[in-house]
>>> print(open('upload.cif').read())   # mmCIF, C-alpha atoms
data_protein
#
loop_
_atom_site.label_atom_id
_atom_site.label_comp_id
_atom_site.auth_asym_id
_atom_site.auth_seq_id
_atom_site.Cartn_x
_atom_site.Cartn_y
_atom_site.Cartn_z
CA MET N 1174 -0.11 3.75 -14.34
CA ASN N 1175 -1.57 6.29 -16.73
CA ILE N 1176 -1.21 9.76 -15.25
CA CYS N 1177 -1.91 13.27 -16.45
CA LEU N 1178 1.41 15.02 -16.95
CA ASN N 1179 1.17 18.50 -18.45
CA GLY N 1180 -2.25 17.63 -19.82
CA THR N 1181 -1.17 14.41 -21.55
CA GLY N 1182 -1.46 10.77 -20.60
CA THR N 1183 1.92 9.35 -19.61
CA ASP N 1184 2.73 5.79 -18.57
CA MET N 1185 4.84 5.84 -15.43
CA ARG N 1186 5.48 3.45 -12.59
CA ALA N 1187 5.71 4.50 -8.95
CA VAL N 1188 9.38 3.43 -8.78
CA TRP N 1189 11.94 2.28 -11.33
CA SER N 1190 15.62 2.49 -12.20
CA SER N 1191 17.46 4.03 -15.13
CA GLY N 1192 20.91 5.48 -15.71
CA GLY N 1193 22.30 3.90 -12.56
CA LYS N 1194 19.83 5.73 -10.32
CA VAL N 1195 16.54 4.87 -8.65
CA ARG N 1196 13.65 7.10 -9.62
CA MET N 1197 10.25 7.45 -8.02
CA ILE N 1198 7.22 9.71 -8.01
CA ASP N 1199 7.35 11.92 -4.92
CA GLN N 1200 3.99 11.09 -3.39
CA ARG N 1201 4.30 13.94 -0.90
CA ARG N 1202 3.79 16.37 -3.79
CA LEU N 1203 0.70 14.71 -5.19
CA PRO N 1204 -2.03 15.28 -6.20
CA HIS N 1205 -1.09 18.83 -7.21
CA ASP N 1206 2.42 18.37 -8.56
CA ILE N 1207 3.96 15.39 -10.34
CA VAL N 1208 7.62 15.39 -9.36
CA VAL N 1209 10.09 12.59 -10.06
CA VAL N 1210 13.01 12.35 -7.64
CA GLU N 1211 16.15 10.26 -8.06
CA PHE N 1212 18.60 8.60 -5.70
CA LYS N 1213 22.13 7.34 -6.12
CA ASP N 1214 22.64 5.22 -2.99
CA HIS N 1215 20.68 2.95 -0.66
CA ASN N 1216 20.79 5.43 2.25
CA GLU N 1217 18.83 7.93 0.20
CA VAL N 1218 16.31 5.24 -0.73
CA ALA N 1219 15.92 4.31 2.94
CA GLU N 1220 15.21 7.94 3.79
CA ALA N 1221 12.66 8.16 0.95
CA ILE N 1222 10.86 5.19 2.48
CA ARG N 1223 11.03 6.68 5.97
CA ASN N 1224 9.77 10.14 5.00
CA MET N 1225 7.01 8.69 2.81
CA THR N 1226 8.30 9.97 -0.51
CA ILE N 1227 7.22 6.48 -1.50
CA ARG N 1228 4.53 4.61 0.38
CA GLY N 1229 2.36 1.52 0.15
CA ALA N 1230 3.77 -1.87 1.17
CA PRO N 1231 4.48 -3.33 -2.31
CA SER N 1232 6.03 -0.08 -3.59
CA ILE N 1233 8.14 0.12 -0.46
CA GLY N 1234 9.29 -3.41 -1.17
CA ALA N 1235 10.23 -2.53 -4.75
CA ALA N 1236 12.06 0.59 -3.57
CA ALA N 1237 14.02 -1.52 -1.09
CA ALA N 1238 14.92 -3.99 -3.84
CA TYR N 1239 16.29 -1.11 -5.90
CA GLY N 1240 18.08 0.17 -2.80
CA MET N 1241 19.85 -3.18 -2.57
CA TYR N 1242 20.76 -2.87 -6.24
CA LEU N 1243 22.38 0.52 -5.55
CA ALA N 1244 24.26 -0.87 -2.56
CA SER N 1245 25.64 -3.69 -4.68
CA MET N 1246 26.51 -1.36 -7.55
CA ASN N 1247 28.31 0.98 -5.12
CA LYS N 1248 30.27 -1.96 -3.64
CA PHE N 1249 28.64 -1.44 -0.24
CA ASP N 1250 28.29 -4.29 2.23
CA ILE N 1251 24.88 -5.71 1.30
CA MET N 1252 24.12 -7.00 4.80
CA LYS N 1253 24.71 -3.55 6.29
CA ALA N 1254 22.60 -2.04 3.51
CA ALA N 1255 19.88 -4.55 4.32
CA GLU N 1256 19.89 -3.43 7.96
CA THR N 1257 19.58 0.22 6.94
CA LEU N 1258 16.69 -0.43 4.56
CA LYS N 1259 14.83 -2.68 7.00
CA ALA N 1260 15.11 -0.01 9.70
CA SER N 1261 13.35 2.60 7.55
CA ARG N 1262 9.81 1.51 8.51
CA PRO N 1263 8.81 -1.34 10.84
CA THR N 1264 5.33 -2.54 9.84
CA ALA N 1265 5.14 -3.33 6.11
CA ASN N 1266 6.20 -6.96 5.56
CA ASP N 1267 6.95 -6.41 1.85
CA LEU N 1268 9.97 -4.31 2.84
CA PHE N 1269 11.58 -7.21 4.71
CA TYR N 1270 10.48 -9.76 2.11
CA ALA N 1271 12.05 -7.75 -0.72
CA VAL N 1272 15.35 -7.18 1.08
CA ASP N 1273 15.67 -10.88 1.96
CA HIS N 1274 14.79 -11.79 -1.62
CA MET N 1275 17.54 -9.53 -2.93
CA ILE N 1276 20.10 -10.93 -0.47
CA ALA N 1277 19.36 -14.43 -1.74
CA GLU N 1278 19.55 -13.32 -5.38
CA LEU N 1279 22.81 -11.43 -4.93
CA ASN N 1280 24.38 -14.29 -2.99
CA ASN N 1281 23.46 -16.56 -5.89
CA GLY N 1282 25.31 -14.29 -8.30
CA ALA N 1283 22.33 -12.59 -9.92
CA ASP N 1284 22.81 -9.31 -11.74
CA PRO N 1285 21.63 -6.69 -9.17
CA LEU N 1286 19.60 -4.57 -11.59
CA ILE N 1287 18.00 -7.55 -13.30
CA ALA N 1288 17.07 -8.96 -9.88
CA ALA N 1289 15.51 -5.66 -8.74
CA ASP N 1290 13.65 -5.15 -12.02
CA SER N 1291 12.39 -8.73 -11.87
CA TYR N 1292 11.12 -8.22 -8.33
CA SER N 1293 9.32 -5.02 -9.34
CA ASP N 1294 7.82 -6.67 -12.43
CA SER N 1295 6.59 -9.57 -10.30
CA ILE N 1296 4.60 -7.15 -8.14
CA VAL N 1297 2.82 -5.80 -11.19
CA GLU N 1298 2.03 -9.32 -12.39
CA LYS N 1299 0.64 -10.25 -8.98
CA CYS N 1300 -1.52 -7.12 -8.88
CA SER N 1301 -2.96 -7.98 -12.28
CA LYS N 1302 -4.01 -11.41 -10.98
CA ILE N 1303 -5.44 -9.83 -7.82
CA GLY N 1304 -7.55 -7.64 -10.10
CA GLU N 1305 -8.81 -10.63 -12.07
CA PHE N 1306 -9.77 -12.63 -8.98
CA GLY N 1307 -11.17 -9.67 -7.08
CA SER N 1308 -13.33 -8.31 -9.89
CA SER N 1309 -15.50 -11.43 -9.60
CA LEU N 1310 -16.64 -10.14 -6.20
CA ILE N 1311 -17.89 -6.86 -7.68
CA ALA N 1312 -21.30 -6.83 -9.32
CA ASP N 1313 -22.72 -4.34 -11.78
CA GLY N 1314 -24.13 -1.40 -9.83
CA ASN N 1315 -22.06 -2.03 -6.69
CA LYS N 1316 -21.00 0.71 -4.33
CA ILE N 1317 -17.51 0.02 -3.03
CA MET N 1318 -15.61 1.55 -0.13
CA THR N 1319 -11.84 1.64 0.28
CA HIS N 1320 -9.38 3.17 2.72
CA CYS N 1321 -5.90 4.65 2.32
CA ASN N 1322 -4.15 4.21 -1.05
CA ALA N 1323 -3.68 0.72 -2.43
CA GLY N 1324 -3.53 1.74 -6.06
CA ALA N 1325 -0.72 1.98 -8.59
CA LEU N 1326 1.26 4.48 -6.51
CA ALA N 1327 1.34 2.07 -3.59
CA THR N 1328 2.09 -1.05 -5.60
CA VAL N 1329 4.44 -0.02 -8.45
CA ASP N 1330 1.50 -0.24 -10.89
CA ILE N 1331 -2.18 -1.33 -11.06
CA GLY N 1332 -2.83 -1.69 -7.33
CA THR N 1333 -4.05 -4.24 -4.80
CA ALA N 1334 -7.37 -2.90 -3.47
CA LEU N 1335 -7.80 -0.80 -6.61
CA ALA N 1336 -6.94 -3.66 -8.98
CA PRO N 1337 -10.38 -5.35 -8.72
CA ILE N 1338 -12.04 -1.95 -9.00
CA ARG N 1339 -10.07 -1.09 -12.14
CA LYS N 1340 -10.81 -4.50 -13.63
CA ALA N 1341 -14.53 -4.24 -12.87
CA HIS N 1342 -14.59 -0.83 -14.54
CA GLU N 1343 -12.79 -2.25 -17.60
CA GLN N 1344 -15.43 -4.99 -17.75
CA GLY N 1345 -18.09 -2.33 -18.14
CA LYS N 1346 -19.61 -2.70 -14.68
CA LYS N 1347 -21.22 0.47 -13.40
CA ILE N 1348 -19.59 1.01 -10.02
CA PHE N 1349 -19.11 3.81 -7.52
CA VAL N 1350 -16.28 4.14 -5.01
CA TYR N 1351 -16.36 5.83 -1.61
CA VAL N 1352 -12.83 6.97 -0.75
CA SER N 1353 -12.02 7.88 2.84
CA GLU N 1354 -9.47 10.67 3.08
CA THR N 1355 -7.24 8.77 5.53
CA ARG N 1356 -5.89 11.27 8.00
CA PRO N 1357 -3.38 12.47 8.89
CA ARG N 1358 -1.35 11.90 5.69
CA LEU N 1359 -4.44 11.95 3.44
CA GLN N 1360 -3.51 8.96 1.30
CA GLY N 1361 -7.15 8.79 0.25
CA MET N 1362 -6.47 11.88 -1.84
CA LEU N 1363 -4.05 9.76 -3.86
CA THR N 1364 -6.72 7.09 -4.37
CA ALA N 1365 -9.17 9.72 -5.56
CA TRP N 1366 -6.49 11.11 -7.89
CA GLU N 1367 -5.89 7.66 -9.38
CA LEU N 1368 -9.61 7.02 -9.85
CA LEU N 1369 -9.89 10.39 -11.55
CA GLN N 1370 -7.20 9.36 -14.05
CA GLU N 1371 -9.16 6.19 -14.83
CA GLY N 1372 -12.54 7.88 -15.10
CA ILE N 1373 -14.01 5.73 -12.32
CA PRO N 1374 -16.94 7.40 -10.50
CA HIS N 1375 -16.09 8.14 -6.89
CA SER N 1376 -16.42 10.58 -4.02
CA LEU N 1377 -13.95 11.55 -1.32
CA MET N 1378 -15.32 11.52 2.22
CA THR N 1379 -14.03 12.22 5.70
CA ASP N 1380 -12.91 9.15 7.62
CA ASN N 1381 -15.63 9.54 10.23
CA ALA N 1382 -18.35 9.52 7.55
CA SER N 1383 -17.68 5.86 6.79
CA GLY N 1384 -20.42 4.47 9.03
CA HIS N 1385 -22.96 6.90 7.61
CA PHE N 1386 -22.40 5.79 4.03
CA MET N 1387 -22.06 2.12 4.93
CA ARG N 1388 -25.46 2.27 6.58
CA LYS N 1389 -26.90 4.06 3.53
CA GLY N 1390 -25.76 1.29 1.22
CA VAL N 1391 -22.22 0.01 0.56
CA ASP N 1392 -22.03 -3.39 -1.09
CA ILE N 1393 -18.40 -4.34 -0.49
CA ILE N 1394 -15.29 -2.94 1.20
CA ILE N 1395 -11.80 -3.66 -0.15
CA THR N 1396 -8.59 -2.39 1.43
CA GLY N 1397 -4.93 -3.23 1.10
CA ALA N 1398 -2.63 -4.44 3.87
CA ASP N 1399 0.85 -3.87 5.23
CA ARG N 1400 1.30 -7.11 7.15
CA ILE N 1401 -0.91 -10.17 7.56
CA ALA N 1402 -0.23 -12.54 10.45
CA ALA N 1403 -0.51 -16.32 10.26
CA ASN N 1404 -3.99 -16.27 11.80
CA GLY N 1405 -5.27 -13.59 9.39
CA ASP N 1406 -5.01 -10.60 11.71
CA THR N 1407 -4.16 -7.72 9.40
CA ALA N 1408 -2.26 -4.47 9.89
CA ASN N 1409 -3.36 -1.71 7.54
CA LYS N 1410 -3.60 2.06 7.64
CA ILE N 1411 -5.08 3.47 10.83
CA GLY N 1412 -8.88 3.55 10.58
CA THR N 1413 -9.23 0.17 8.87
CA TYR N 1414 -10.24 -1.68 12.04
CA GLU N 1415 -13.27 0.48 12.76
CA LYS N 1416 -14.53 0.08 9.19
CA ALA N 1417 -14.27 -3.70 9.53
CA VAL N 1418 -16.24 -3.67 12.80
CA ILE N 1419 -19.05 -1.60 11.30
CA ALA N 1420 -19.02 -3.74 8.16
CA LYS N 1421 -19.60 -6.89 10.21
CA GLU N 1422 -22.45 -5.25 12.09
CA LEU N 1423 -24.08 -4.25 8.79
CA LYS N 1424 -23.20 -7.58 7.09
CA ILE N 1425 -21.08 -5.90 4.41
CA PRO N 1426 -18.34 -8.16 2.96
CA PHE N 1427 -14.90 -6.90 3.99
CA TYR N 1428 -11.95 -8.02 1.87
CA ILE N 1429 -8.20 -7.49 2.08
CA ALA N 1430 -6.32 -7.39 -1.24
CA ALA N 1431 -2.64 -8.23 -0.92
CA PRO N 1432 0.11 -10.27 -2.59
CA VAL N 1433 1.66 -13.28 -0.87
CA SER N 1434 4.67 -11.12 0.09
CA THR N 1435 2.45 -9.24 2.57
CA PHE N 1436 1.73 -12.43 4.55
CA ASP N 1437 4.08 -12.92 7.49
CA LEU N 1438 3.55 -16.52 8.54
CA ASP N 1439 6.24 -16.23 11.20
CA THR N 1440 4.06 -13.74 13.07
CA LYS N 1441 1.46 -15.69 15.04
CA ASN N 1442 -1.19 -12.97 15.40
CA GLY N 1443 -1.83 -9.25 15.32
CA ASP N 1444 -0.52 -8.70 18.84
CA ASP N 1445 2.96 -9.46 17.54
CA ILE N 1446 2.86 -6.93 14.69
CA VAL N 1447 4.99 -3.86 15.35
CA ILE N 1448 2.88 -0.74 14.82
CA GLU N 1449 4.81 2.28 13.58
CA MET N 1450 4.32 5.42 15.64
CA ARG N 1451 4.93 8.59 13.67
CA SER N 1452 5.54 12.15 14.80
CA GLU N 1453 2.84 14.11 16.56
CA GLU N 1454 3.50 17.02 14.18
CA GLU N 1455 1.66 15.10 11.45
CA ILE N 1456 -1.47 15.72 13.53
CA THR N 1457 -0.75 19.02 15.26
CA MET N 1458 0.59 20.75 12.15
CA ILE N 1459 -0.65 21.31 8.60
CA GLY N 1460 2.41 22.25 6.62
CA ASP N 1461 4.13 24.99 8.59
CA MET N 1462 0.98 26.02 10.44
CA ARG N 1463 0.16 24.66 13.87
CA VAL N 1464 -3.54 23.77 14.12
CA ALA N 1465 -3.55 22.27 17.63
CA PRO N 1466 -3.33 24.57 20.66
CA ALA N 1467 0.19 25.16 21.93
CA GLY N 1468 1.07 22.59 24.56
CA VAL N 1469 -1.28 19.91 23.20
CA HIS N 1470 0.39 16.61 22.38
CA ALA N 1471 -0.79 13.92 19.98
CA VAL N 1472 -0.40 10.17 19.52
CA ASN N 1473 -0.03 9.04 15.94
CA PRO N 1474 -0.08 5.31 15.16
CA SER N 1475 0.31 4.80 11.42
CA PHE N 1476 -1.54 1.46 11.41
CA ASP N 1477 -4.09 -0.57 13.32
CA VAL N 1478 -4.79 -4.30 13.39
CA THR N 1479 -8.06 -5.79 12.20
CA PRO N 1480 -8.69 -9.21 13.80
CA SER N 1481 -9.32 -11.97 11.26
CA GLY N 1482 -12.87 -12.50 12.53
CA TYR N 1483 -13.89 -9.26 10.84
CA ILE N 1484 -12.35 -10.19 7.48
CA THR N 1485 -14.43 -12.01 4.88
CA GLY N 1486 -11.46 -13.05 2.75
CA PHE N 1487 -8.11 -12.22 1.23
CA ILE N 1488 -7.75 -11.48 -2.49
CA THR N 1489 -4.30 -12.71 -3.55
CA GLU N 1490 -2.55 -13.62 -6.77
CA ARG N 1491 -3.31 -17.25 -5.86
CA GLY N 1492 -7.03 -16.70 -5.53
CA ILE N 1493 -9.46 -15.66 -2.80
CA LEU N 1494 -8.77 -17.23 0.59
CA ARG N 1495 -10.70 -17.31 3.83
CA PRO N 1496 -8.76 -16.43 6.99
CA ASP N 1497 -8.65 -20.11 7.98
CA GLU N 1498 -6.97 -20.94 4.65
CA ILE N 1499 -3.87 -18.79 5.14
CA HIS N 1500 -1.81 -21.88 5.92
CA LYS N 1501 -1.92 -22.53 2.17
CA MET N 1502 0.53 -19.63 1.77
CA ARG N 1503 3.30 -21.94 3.00
CA ASN N 1504 2.99 -24.13 -0.11
#
>>> encode(input="upload.cif", output="structure tokens")
Amino acid sequence: MNICLNGTGTDMRAVWSSGGKVRMIDQRRLPHDIVVVEFKDHNEVAEAIRNMTIRGAPSIGAAAAYGMYLASMNKFDIMKAAETLKASRPTANDLFYAVDHMIAELNNGADPLIAADSYSDSIVEKCSKIGEFGSSLIADGNKIMTHCNAGALATVDIGTALAPIRKAHEQGKKIFVYVSETRPRLQGMLTAWELLQEGIPHSLMTDNASGHFMRKGVDIIITGADRIAANGDTANKIGTYEKAVIAKELKIPFYIAAPVSTFDLDTKNGDDIVIEMRSEEEITMIGDMRVAPAGVHAVNPSFDVTPSGYITGFITERGILRPDEIHKMRN
């Protein structure tokens, strides 16, 4: 990920390890301040996942892998560490996939840091392939819409939903991206920040302006995902479902970009996906200022589920699949 740090371009991943510590960009401070934080044990990594210092399913998975590395290095019981890390957030499947992967690697005698680095590198490789496959869906002159952040910050590097967009831009295609702000945590601001670094034309919009611009002329919608059930029902950031419904009404192709690690084939359908409920203060407060009237309460689901019938296809590192082809993930 090429970011502007003190006016210069600097290559930096969303999460990595050096000097026996896990380091990550504090996404809560972006887009105004680039701050790198570091952690020395798996409990701190679990808290960073919970409080959204790091976010985005693949990056969460990589952070958890590094958390397992720290637990092993600190001679902590890896199964107890696994429980702590898995409890940090309930919806993103990559978190559970990464922890189970690390358990298997450690039980097979793998070097903990090499195993965690390898897992993180594999995410970047998968995102690169997602970009290659997905860019074929984007034509010169297309207007694209995305939701939340599924760029380099959310996926260690490159991105899932942003990977095809980046690749299309590299290919010289003239494209434009509509970025919904994604309340209440405003992850769309991070997408806009990433597109700004890449010089990709875009505009930030309020979430409830999506239908307006889709009706005016959006050619394709690409989002990421946090968990994909066996039937193709997909959990992604709250607000994804309504975009998919409008897209079907307007006959706009709606794609989900995600690595195989996001598919949970043991979950039958979207009704079985656990949806994380976050604090009402994320809605009633902005920083230290209360914006809702005193006494007003809020409900704050972090994700919603888009039924597979609204999804045109899934862009994965194995190619582009229709919802009825997900069974191929078992091979």
>>> resolve_selection(input="upload.cif", expression="the PyMOL selection byres ((chain N and resi 1441) around 10)", output="ChimeraX atom specification")
/N:1401-1406,1437-1440,1442-1446
>>> resolve_selection(input="upload.cif", expression="the PyMOL selection byres ((chain N and resi 1462-1478) around 7)", output="number ranges by chain")
N: 1406-1414, 1443, 1448-1453, 1456-1461, 1479-1480
>>> resolve_selection(input="upload.cif", expression="the PyMOL selection byres ((chain N and resi 1487-1495) around 10)", output="ChimeraX atom specification")
/N:1296,1298-1308,1310,1333-1334,1337,1395-1398,1401,1405,1427-1435,1481,1484-1486,1496-1502
>>> closest_residue(input="upload.cif", among="N:Val1391, N:Val1208, N:Cys1321, N:Ile1251", to="Leu1359 (chain N)", atoms="only C-alpha atoms")
N:Cys1321
>>> closest_residue(input="upload.cif", among="N:Ile1373, N:Asn1247, N:Ile1207, N:Leu1286", to="Arg1339 (chain N)", atoms="all atoms listed in the file")
N:Ile1373
>>> atom_distance(input="upload.cif", atom1="CA of Ser1293 (chain N)", atom2="CA of Ile1394 (chain N)")
26.9 Å
>>> closest_residue(input="upload.cif", among="N:Ala1230, N:Ser1383, N:Trp1189, N:Val1329", to="Val1210 (chain N)", atoms="only C-alpha atoms")
N:Trp1189
>>> residues_around(input="upload.cif", residues="Leu1258 (chain N)", least_positions_apart="2", cutoff="8 Å", atoms="only C-alpha atoms", output="mmCIF file with C-alpha atoms, in the coordinates of the input")
data_model
loop_
_atom_site.group_PDB
_atom_site.id
_atom_site.type_symbol
_atom_site.label_atom_id
_atom_site.label_comp_id
_atom_site.auth_asym_id
_atom_site.auth_seq_id
_atom_site.Cartn_x
_atom_site.Cartn_y
_atom_site.Cartn_z
ATOM 1 C CA HIS N 1215 20.680 2.950 -0.660
ATOM 2 C CA ASN N 1216 20.790 5.430 2.250
ATOM 3 C CA VAL N 1218 16.310 5.240 -0.730
ATOM 4 C CA ALA N 1219 15.920 4.310 2.940
ATOM 5 C CA ALA N 1237 14.020 -1.520 -1.090
ATOM 6 C CA GLY N 1240 18.080 0.170 -2.800
ATOM 7 C CA ALA N 1254 22.600 -2.040 3.510
ATOM 8 C CA ALA N 1255 19.880 -4.550 4.320
ATOM 9 C CA GLU N 1256 19.890 -3.430 7.960
ATOM 10 C CA ALA N 1260 15.110 -0.010 9.700
ATOM 11 C CA SER N 1261 13.350 2.600 7.550
ATOM 12 C CA LEU N 1268 9.970 -4.310 2.840
ATOM 13 C CA VAL N 1272 15.350 -7.180 1.080
#
>>> closest_residue(input="upload.cif", among="N:Phe1436, N:Arg1186, N:Arg1356, N:Thr1319", to="Asp1267 (chain N)", atoms="all atoms listed in the file")
N:Phe1436
>>> atom_distance(input="upload.cif", atom1="CA of Ala1238 (chain N)", atom2="CA of Tyr1292 (chain N)")
7.2 Å
>>> atom_distance(input="upload.cif", atom1="CA of Gly1234 (chain N)", atom2="CA of Asp1184 (chain N)")
20.7 Å
>>> residues_around(input="upload.cif", residues="Pro1285 (chain N)", least_positions_apart="5", cutoff="7 Å", atoms="all atoms listed in the file", output="list in words")
Tyr1242, Ser1245 and Leu1279 of chain N
>>> closest_residue(input="upload.cif", among="N:Thr1328, N:Thr1257, N:Thr1364, N:Asn1224", to="Met1378 (chain N)", atoms="all atoms listed in the file")
N:Thr1364
